[in-house]
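J.: This is the structure, below, for whatever I ask next.
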Amino acid sequence: MKTIQFREAIAEAMSEEMRRDESVYLMGEEVAEYNGAYKASKGMLDEFGPKRVIDTPIAELGFAGIAIGSTMTGNRPIVEYMTFNFSLVGIDQIINNAAKIRQMSGGQFKCPIVFRGPTASAGQLAATHSQAFENWFANTPGLKVIVPSNPYDAKGLLKSAIRDDDPIIFMESEQMYGDKGEVPEGEYVIPIGVADIKRKGDDVTIVSFGKIIKEAYKAADELEKEGVSCEIIDLRTVRPMDRNAIVESVKKTNRLVILEEAWPFGNVATEITYLVQSEAFDYLDAPIVKINTADTPAPYSPVLLEEWLPNSNDVIKAVKKVMYK
């Protein structure tokens with residue numbers, strides 16, 4: 001094993017797959033000459049050249065469309081958005097083209113493409129740069145949605161995503177690019193749609209994904225001091241969701257808290273809540289609690305932002321609530 005940063009795990013995954021398959025290429029704003037807005041494509045232009053690492057204008061609708069069209073001629077593009085907030089400019093291409101090509105062509109065309117970049121908040125970036133759209137994309141048939149929380153998962157899942165024949169939304173975080181973690185020296189992939197139990201426990205299940213899961217780890221450490229054993233499930237893939245992992249954990253712990261960095265209405269946590277009440281209702285010893293951001297656009301003020309974003313104290317309160325403590 002070696003210890004590398006999250007951004008290095010992303011770069012390794014893309015580079016390894018580009019060496020393996022000449023149909024894979026990367027395009028996006030500042031991915032080439034600047035080595036990526038977050039240095040997640042560092043050195044790739046030097047190795048692969050400007051035909052396979054392509055700087056684009058600030059025109060997400062245009063380069064998303066070019067990339068999607070190129071899948072129909074045998075290519076496997078990776079499209080980097082500087083932030084998924086900017087994907088809204090190209091969302092027509094993603095929703096109305098990438099997600100529907102296979103069905104609307106009667107299976108004549110696949111759409112092997114990865115749209116990747118950071119999601120959710122990253123400090124004081126204000127309302128239009130601090131949004132989490134995992135549930136938006138996961139609501140669309142034809143798309144797969146992956147949200148890793150550490151370098152190991154990021155590399156293994158990105159390699160699987162690049163090899164997949166369906167369009168993938170691969171969501172990272174600006175606040176995780178510098179995170180370090182152990183990654184195997186050799187080749188490995190992680191299957192899409194398989195959650196990971198990051199911490200085993202008996203008293204309560206906490207389900208989360210992406211960077212906000214760190215708050216669950218902090219809460220579990222504090223709760224352990226009080227004799228509360230938390231089981232933490234990292235979804236890793238929002239769609240397809242590992243429904244069985246969630247249900248089986250709840251059958252063991254009988255309590256569920258869901259932590260998600262998204263607005264509270266109609267989100268991933270809502271879907272999980274429905275899943276558990278429909279498939280494991282008789283095992284629940286308390287109502288499910290879901291923790292989300294406040295139901296407002298993200299504030300710029302650091303004081304308000306701290307209140308808006310879920311934290312470990314919110315998780316501790318939720319766990320105590322479901323345990324009637």
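All residue names refer to the structure tokens as shown: chains lettered A, B, ... in order, residues numbered from 1 in each chain, ligands numbered from 1 in order.
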Go through range 100-175 of chain A and collect every residue that DSSP, computed from the backbone, puts in helix (DSSP H, G or I); the answer should be as a PyMOL selection string.

T.: chain A and resi 101-104+127-129+134-138+151-163

J.: What lies within 12 Å of range 279-282 of chain A using only C-alpha atoms, ignoring chain neighbours under 3 positions off, as a count of residues only?

T.: 23

J.: Taking the DSSP secondary structure from the backbone, can you list the residues of range 200-272 of chain A that are strand (DSSP E or B), as an MDAnalysis selection string?

T.: chainID A and resid 204:208 230:234 237:239 256:259

J.: Using N, CA and C atoms, can you export the residues from the last selection as a JSON list (two decimals), in the first residue's frame?

T.:
```json
[["chain", "number", "residue", "atom", "x", "y", "z"],
["A", 204, "VAL", "N", -26.89, 1.35, 16.52],
["A", 204, "VAL", "CA", -27.55, 2.23, 15.55],
["A", 204, "VAL", "C", -26.79, 2.20, 14.23],
["A", 205, "THR", "N", -27.53, 2.26, 13.13],
["A", 205, "THR", "CA", -26.92, 2.35, 11.80],
["A", 205, "THR", "C", -26.91, 3.80, 11.35],
["A", 206, "ILE", "N", -25.75, 4.26, 10.88],
["A", 206, "ILE", "CA", -25.64, 5.59, 10.28],
["A", 206, "ILE", "C", -25.26, 5.39, 8.82],
["A", 207, "VAL", "N", -26.09, 5.89, 7.91],
["A", 207, "VAL", "CA", -25.81, 5.80, 6.47],
["A", 207, "VAL", "C", -25.43, 7.18, 5.96],
["A", 208, "SER", "N", -24.34, 7.24, 5.19],
["A", 208, "SER", "CA", -23.91, 8.51, 4.63],
["A", 208, "SER", "C", -23.06, 8.25, 3.38],
["A", 230, "CYS", "N", -21.90, 2.49, 17.04],
["A", 230, "CYS", "CA", -22.49, 2.91, 15.76],
["A", 230, "CYS", "C", -21.94, 2.08, 14.60],
["A", 231, "GLU", "N", -22.83, 1.64, 13.74],
["A", 231, "GLU", "CA", -22.41, 1.02, 12.49],
["A", 231, "GLU", "C", -22.54, 2.06, 11.38],
["A", 232, "ILE", "N", -21.45, 2.33, 10.67],
["A", 232, "ILE", "CA", -21.45, 3.37, 9.64],
["A", 232, "ILE", "C", -21.34, 2.73, 8.26],
["A", 233, "ILE", "N", -22.33, 3.00, 7.41],
["A", 233, "ILE", "CA", -22.34, 2.51, 6.04],
["A", 233, "ILE", "C", -22.05, 3.67, 5.10],
["A", 234, "ASP", "N", -21.01, 3.51, 4.29],
["A", 234, "ASP", "CA", -20.70, 4.46, 3.23],
["A", 234, "ASP", "C", -21.33, 3.92, 1.94],
["A", 237, "THR", "N", -21.95, 4.38, -3.83],
["A", 237, "THR", "CA", -22.77, 4.54, -5.03],
["A", 237, "THR", "C", -24.19, 4.87, -4.62],
["A", 238, "VAL", "N", -24.68, 6.02, -5.06],
["A", 238, "VAL", "CA", -26.05, 6.42, -4.76],
["A", 238, "VAL", "C", -27.04, 5.69, -5.67],
["A", 239, "ARG", "N", -26.66, 5.54, -6.94],
["A", 239, "ARG", "CA", -27.47, 4.75, -7.88],
["A", 239, "ARG", "C", -26.55, 3.97, -8.78],
["A", 256, "LEU", "N", -31.96, 3.77, 12.75],
["A", 256, "LEU", "CA", -31.32, 4.32, 11.55],
["A", 256, "LEU", "C", -31.27, 5.83, 11.60],
["A", 257, "VAL", "N", -30.05, 6.36, 11.34],
["A", 257, "VAL", "CA", -29.83, 7.79, 11.13],
["A", 257, "VAL", "C", -29.17, 7.94, 9.76],
["A", 258, "ILE", "N", -29.65, 8.90, 8.97],
["A", 258, "ILE", "CA", -29.09, 9.13, 7.64],
["A", 258, "ILE", "C", -28.52, 10.53, 7.59],
["A", 259, "LEU", "N", -27.26, 10.64, 7.20],
["A", 259, "LEU", "CA", -26.56, 11.93, 7.12],
["A", 259, "LEU", "C", -26.25, 12.23, 5.67]]
```

J.: Report the closest atom pair, with its distance in Å rounded to one decimal, for each residue of range 147-260 of chain A that has an atom no farther than 10 Å from range 10-22 of chain A; count only C-alpha atoms, sort by chain and then rising residue number, and write it as a tab-separated table.

T.:
```
residue	atom	partner	partner_atom	distance
A:Pro151	CA	A:Ile10	CA	7.8
A:Tyr152	CA	A:Ile10	CA	9.7
A:Asp153	CA	A:Ile10	CA	10.0
A:Ala154	CA	A:Ile10	CA	6.5
A:Lys155	CA	A:Ala13	CA	5.2
A:Gly156	CA	A:Ala13	CA	7.4
A:Leu157	CA	A:Ala13	CA	8.7
A:Leu158	CA	A:Ala13	CA	6.2
A:Lys159	CA	A:Ala13	CA	5.5
A:Ser160	CA	A:Ala13	CA	9.2
A:Ala161	CA	A:Ala13	CA	10.0
A:Ile162	CA	A:Glu17	CA	7.3
A:Arg163	CA	A:Glu17	CA	8.1
A:Glu172	CA	A:Ile10	CA	9.5
A:Tyr177	CA	A:Ile10	CA	9.0
A:Glu187	CA	A:Glu16	CA	8.9
A:Tyr188	CA	A:Ala13	CA	9.8
A:Val189	CA	A:Ala13	CA	9.5
```

J.: Keeping only all heavy atoms, write those residues as a CSV table (one decimal), in the first residue's frame.

T.:
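As written to disk, again29.csv reads:
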```
chain,number,residue,atom,x,y,z
A,151,PRO,N,-9.5,8.3,-0.9
A,151,PRO,CA,-8.7,8.0,-2.0
A,151,PRO,C,-8.8,6.6,-2.5
A,151,PRO,O,-8.9,6.3,-3.8
A,151,PRO,CB,-7.3,8.3,-1.6
A,151,PRO,CG,-7.4,9.3,-0.5
A,151,PRO,CD,-8.7,9.0,0.2
A,152,TYR,N,-8.9,5.6,-1.6
A,152,TYR,CA,-9.0,4.2,-2.0
A,152,TYR,C,-10.3,4.0,-2.9
A,152,TYR,O,-10.2,3.4,-3.9
A,152,TYR,CB,-9.0,3.3,-0.8
A,152,TYR,CG,-9.2,1.8,-1.1
A,152,TYR,CD1,-8.2,1.0,-1.5
A,152,TYR,CD2,-10.5,1.3,-1.0
A,152,TYR,CE1,-8.4,-0.3,-1.8
A,152,TYR,CE2,-10.7,0.0,-1.3
A,152,TYR,CZ,-9.7,-0.9,-1.7
A,152,TYR,OH,-9.9,-2.2,-2.0
A,153,ASP,N,-11.4,4.4,-2.3
A,153,ASP,CA,-12.7,4.2,-3.0
A,153,ASP,C,-12.7,5.0,-4.3
A,153,ASP,O,-13.2,4.6,-5.3
A,153,ASP,CB,-13.8,4.7,-2.1
A,153,ASP,CG,-14.1,3.7,-1.0
A,153,ASP,OD1,-13.5,2.6,-1.0
A,153,ASP,OD2,-14.9,4.0,-0.1
A,154,ALA,N,-12.1,6.2,-4.3
A,154,ALA,CA,-12.2,7.1,-5.5
A,154,ALA,C,-11.4,6.4,-6.6
A,154,ALA,O,-12.0,6.4,-7.8
A,154,ALA,CB,-11.5,8.4,-5.1
A,155,LYS,N,-10.3,5.9,-6.4
A,155,LYS,CA,-9.5,5.3,-7.5
A,155,LYS,C,-10.2,4.1,-8.0
A,155,LYS,O,-10.4,3.9,-9.2
A,155,LYS,CB,-8.1,5.0,-7.1
A,155,LYS,CG,-7.3,4.4,-8.2
A,155,LYS,CD,-5.8,4.1,-7.8
A,155,LYS,CE,-5.1,3.5,-9.0
A,155,LYS,NZ,-3.6,3.3,-8.7
A,156,GLY,N,-10.6,3.2,-7.1
A,156,GLY,CA,-11.2,1.9,-7.6
A,156,GLY,C,-12.5,2.1,-8.3
A,156,GLY,O,-12.8,1.4,-9.3
A,157,LEU,N,-13.3,3.0,-7.8
A,157,LEU,CA,-14.6,3.3,-8.4
A,157,LEU,C,-14.5,4.1,-9.7
A,157,LEU,O,-15.3,3.8,-10.6
A,157,LEU,CB,-15.5,4.1,-7.4
A,157,LEU,CG,-16.1,3.2,-6.3
A,157,LEU,CD1,-16.6,4.1,-5.2
A,157,LEU,CD2,-17.2,2.3,-6.8
A,158,LEU,N,-13.5,5.0,-9.8
A,158,LEU,CA,-13.4,5.7,-11.0
A,158,LEU,C,-12.9,4.8,-12.2
A,158,LEU,O,-13.4,4.9,-13.3
A,158,LEU,CB,-12.4,6.9,-10.8
A,158,LEU,CG,-12.2,7.8,-12.1
A,158,LEU,CD1,-13.5,8.3,-12.6
A,158,LEU,CD2,-11.3,9.0,-11.7
A,159,LYS,N,-12.0,3.9,-11.9
A,159,LYS,CA,-11.6,2.9,-12.9
A,159,LYS,C,-12.8,2.1,-13.4
A,159,LYS,O,-12.9,1.9,-14.6
A,159,LYS,CB,-10.5,2.0,-12.3
A,159,LYS,CG,-9.1,2.7,-12.2
A,159,LYS,CD,-8.1,1.9,-11.4
A,159,LYS,CE,-7.6,0.7,-12.2
A,159,LYS,NZ,-6.8,1.0,-13.4
A,160,SER,N,-13.6,1.7,-12.4
A,160,SER,CA,-14.8,0.9,-12.8
A,160,SER,C,-15.8,1.8,-13.7
A,160,SER,O,-16.4,1.3,-14.6
A,160,SER,CB,-15.6,0.4,-11.6
A,160,SER,OG,-14.8,-0.6,-10.9
A,161,ALA,N,-15.9,3.1,-13.3
A,161,ALA,CA,-16.8,4.0,-14.0
A,161,ALA,C,-16.3,4.2,-15.4
A,161,ALA,O,-17.1,4.2,-16.4
A,161,ALA,CB,-16.8,5.3,-13.3
A,162,ILE,N,-15.0,4.3,-15.6
A,162,ILE,CA,-14.5,4.5,-17.0
A,162,ILE,C,-14.7,3.3,-17.9
A,162,ILE,O,-15.0,3.4,-19.1
A,162,ILE,CB,-13.0,4.9,-16.9
A,162,ILE,CG1,-12.8,6.3,-16.2
A,162,ILE,CG2,-12.4,5.0,-18.3
A,162,ILE,CD1,-11.4,6.6,-15.8
A,163,ARG,N,-14.7,2.1,-17.3
A,163,ARG,CA,-14.9,0.9,-18.0
A,163,ARG,C,-16.4,0.6,-18.3
A,163,ARG,O,-16.7,-0.2,-19.1
A,163,ARG,CB,-14.2,-0.3,-17.3
A,163,ARG,CG,-12.7,-0.1,-17.2
A,163,ARG,CD,-12.2,-1.3,-16.4
A,163,ARG,NE,-10.8,-1.1,-16.1
A,163,ARG,CZ,-10.0,-2.0,-15.5
A,163,ARG,NH1,-10.5,-3.2,-15.2
A,163,ARG,NH2,-8.7,-1.7,-15.2
A,172,GLU,N,-17.1,14.4,-6.6
A,172,GLU,CA,-16.0,14.5,-5.6
A,172,GLU,C,-16.2,15.6,-4.7
A,172,GLU,O,-17.3,16.0,-4.4
A,172,GLU,CB,-14.7,14.6,-6.4
A,172,GLU,CG,-14.5,13.5,-7.4
A,172,GLU,CD,-13.6,13.8,-8.6
A,172,GLU,OE1,-12.9,14.9,-8.6
A,172,GLU,OE2,-13.6,13.1,-9.6
A,177,TYR,N,-9.8,16.9,-1.9
A,177,TYR,CA,-8.7,16.7,-2.9
A,177,TYR,C,-7.3,16.5,-2.2
A,177,TYR,O,-6.4,15.8,-2.6
A,177,TYR,CB,-8.6,17.8,-3.9
A,177,TYR,CG,-9.7,17.6,-5.0
A,177,TYR,CD1,-10.6,18.6,-5.2
A,177,TYR,CD2,-9.8,16.5,-5.8
A,177,TYR,CE1,-11.6,18.5,-6.2
A,177,TYR,CE2,-10.8,16.4,-6.7
A,177,TYR,CZ,-11.7,17.4,-6.9
A,177,TYR,OH,-12.6,17.2,-7.9
A,187,GLU,N,-3.0,-3.0,-9.6
A,187,GLU,CA,-4.3,-2.8,-10.2
A,187,GLU,C,-5.4,-3.3,-9.3
A,187,GLU,O,-5.3,-4.3,-8.7
A,187,GLU,CB,-4.3,-3.6,-11.5
A,187,GLU,CG,-5.7,-3.8,-12.1
A,187,GLU,CD,-6.1,-2.6,-12.9
A,187,GLU,OE1,-5.3,-1.7,-13.1
A,187,GLU,OE2,-7.3,-2.6,-13.3
A,188,TYR,N,-6.4,-2.5,-9.2
A,188,TYR,CA,-7.7,-2.9,-8.5
A,188,TYR,C,-8.8,-2.1,-8.9
A,188,TYR,O,-8.7,-0.9,-9.4
A,188,TYR,CB,-7.5,-2.8,-6.9
A,188,TYR,CG,-7.6,-1.4,-6.4
A,188,TYR,CD1,-8.8,-0.9,-5.8
A,188,TYR,CD2,-6.5,-0.5,-6.5
A,188,TYR,CE1,-8.9,0.4,-5.3
A,188,TYR,CE2,-6.6,0.8,-6.0
A,188,TYR,CZ,-7.8,1.2,-5.4
A,188,TYR,OH,-7.9,2.5,-4.9
A,189,VAL,N,-10.0,-2.6,-8.9
A,189,VAL,CA,-11.2,-1.9,-9.2
A,189,VAL,C,-12.2,-2.2,-8.1
A,189,VAL,O,-12.1,-3.3,-7.4
A,189,VAL,CB,-11.8,-2.3,-10.5
A,189,VAL,CG1,-10.9,-1.8,-11.7
A,189,VAL,CG2,-12.1,-3.8,-10.6
```

J.: Tell me, as number ranges by chain, which residues lie within 9 Å of range 310-318 of chain A, counting only C-alpha atoms; anything in the same chain fewer than 3 positions away does not count.

T.: A: 206, 212, 214-220, 222-223, 257-261, 289-294, 306-307, 321-323

J.: Which of these residues is nearest to Ala59 in chain A, using only C-alpha atoms: A:Ala40, A:Ala127, A:Ala120, A:Met27?

T.: A:Met27

J.: Looking at A:Ala298, A:Ala126, A:Leu143, A:Val303, which one is nearest to Asn96 in chain A, with distances taken over only C-alpha atoms?

T.: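 The shortest atom-to-atom distance to Asn96 in chain A comes from A:Leu143.
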
J.: Quick check, in Å to one decimal: how far apart do CA of Leu284 in chain A and CA of Glu271 in chain A lie?

T.: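 Distance reported for this atom pair: 16.5 Å.
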
J.: Can you work out which one of A:Thr71, A:Thr270, A:Ser23, A:Thr56 has the shortest atom-to-atom distance to Ile101 in chain A, counting only C-alpha atoms?

T.: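 Closest residue, counting only C-alpha atoms: A:Thr71.
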
J.: For each of A:Ala262, A:Leu26, A:Leu125, A:Val31, take the minimum atom-to-atom distance to Val79 in chain A, counting only C-alpha atoms, then give the residue where this is smallest.

T.: A:Leu26

J.: One number please: CA of Ile192 in chain A to CA of Thr3 in chain A, in Å, one decimal.

T.: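 Separation between CA of Ile192 in chain A and CA of Thr3 in chain A: 23.2 Å.
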
J.: May I have a table of the residues of range 153-252 of chain A lying at most 7 Å from range 106-114 of chain A, giving each one's closest pair of atoms and their distance in Å to one decimal, counting only C-alpha atoms, ordered by chain and ascending residue number, as JSON lines?

T.:
```
{"residue": "A:Ala161", "atom": "CA", "partner": "A:Val114", "partner_atom": "CA", "distance": 6.7}
{"residue": "A:Ile162", "atom": "CA", "partner": "A:Val114", "partner_atom": "CA", "distance": 6.3}
{"residue": "A:Asp164", "atom": "CA", "partner": "A:Pro112", "partner_atom": "CA", "distance": 6.1}
{"residue": "A:Asp165", "atom": "CA", "partner": "A:Pro112", "partner_atom": "CA", "distance": 4.2}
{"residue": "A:Asp166", "atom": "CA", "partner": "A:Pro112", "partner_atom": "CA", "distance": 4.8}
{"residue": "A:Pro167", "atom": "CA", "partner": "A:Ile113", "partner_atom": "CA", "distance": 4.8}
{"residue": "A:Ile168", "atom": "CA", "partner": "A:Val114", "partner_atom": "CA", "distance": 4.7}
{"residue": "A:Ile169", "atom": "CA", "partner": "A:Val114", "partner_atom": "CA", "distance": 6.1}
{"residue": "A:Phe170", "atom": "CA", "partner": "A:Val114", "partner_atom": "CA", "distance": 6.7}
```

J.: Go ahead and save the picked residues with N, CA and C atoms, as an mmCIF file, in the first residue's frame.

T.:
```cif
data_model
loop_
_atom_site.group_PDB
_atom_site.id
_atom_site.type_symbol
_atom_site.label_atom_id
_atom_site.label_comp_id
_atom_site.auth_asym_id
_atom_site.auth_seq_id
_atom_site.Cartn_x
_atom_site.Cartn_y
_atom_site.Cartn_z
ATOM 1 N N ALA A 161 -15.885 3.054 -13.285
ATOM 2 C CA ALA A 161 -16.771 3.965 -14.007
ATOM 3 C C ALA A 161 -16.312 4.173 -15.448
ATOM 4 N N ILE A 162 -15.011 4.330 -15.633
ATOM 5 C CA ILE A 162 -14.482 4.549 -16.980
ATOM 6 C C ILE A 162 -14.712 3.326 -17.861
ATOM 7 N N ASP A 164 -17.249 1.255 -17.538
ATOM 8 C CA ASP A 164 -18.681 0.970 -17.630
ATOM 9 C C ASP A 164 -19.262 1.489 -18.947
ATOM 10 N N ASP A 165 -20.248 0.793 -19.478
ATOM 11 C CA ASP A 165 -20.843 1.186 -20.755
ATOM 12 C C ASP A 165 -22.015 2.153 -20.611
ATOM 13 N N ASP A 166 -22.316 2.571 -19.399
ATOM 14 C CA ASP A 166 -23.386 3.536 -19.162
ATOM 15 C C ASP A 166 -22.818 4.868 -18.699
ATOM 16 N N PRO A 167 -23.585 5.957 -18.845
ATOM 17 C CA PRO A 167 -23.117 7.263 -18.362
ATOM 18 C C PRO A 167 -23.060 7.304 -16.843
ATOM 19 N N ILE A 168 -21.948 7.829 -16.326
ATOM 20 C CA ILE A 168 -21.694 7.860 -14.885
ATOM 21 C C ILE A 168 -21.532 9.308 -14.427
ATOM 22 N N ILE A 169 -22.199 9.641 -13.330
ATOM 23 C CA ILE A 169 -21.971 10.907 -12.636
ATOM 24 C C ILE A 169 -21.049 10.593 -11.469
ATOM 25 N N PHE A 170 -19.827 11.126 -11.488
ATOM 26 C CA PHE A 170 -18.818 10.810 -10.482
ATOM 27 C C PHE A 170 -18.501 12.083 -9.708
#
```
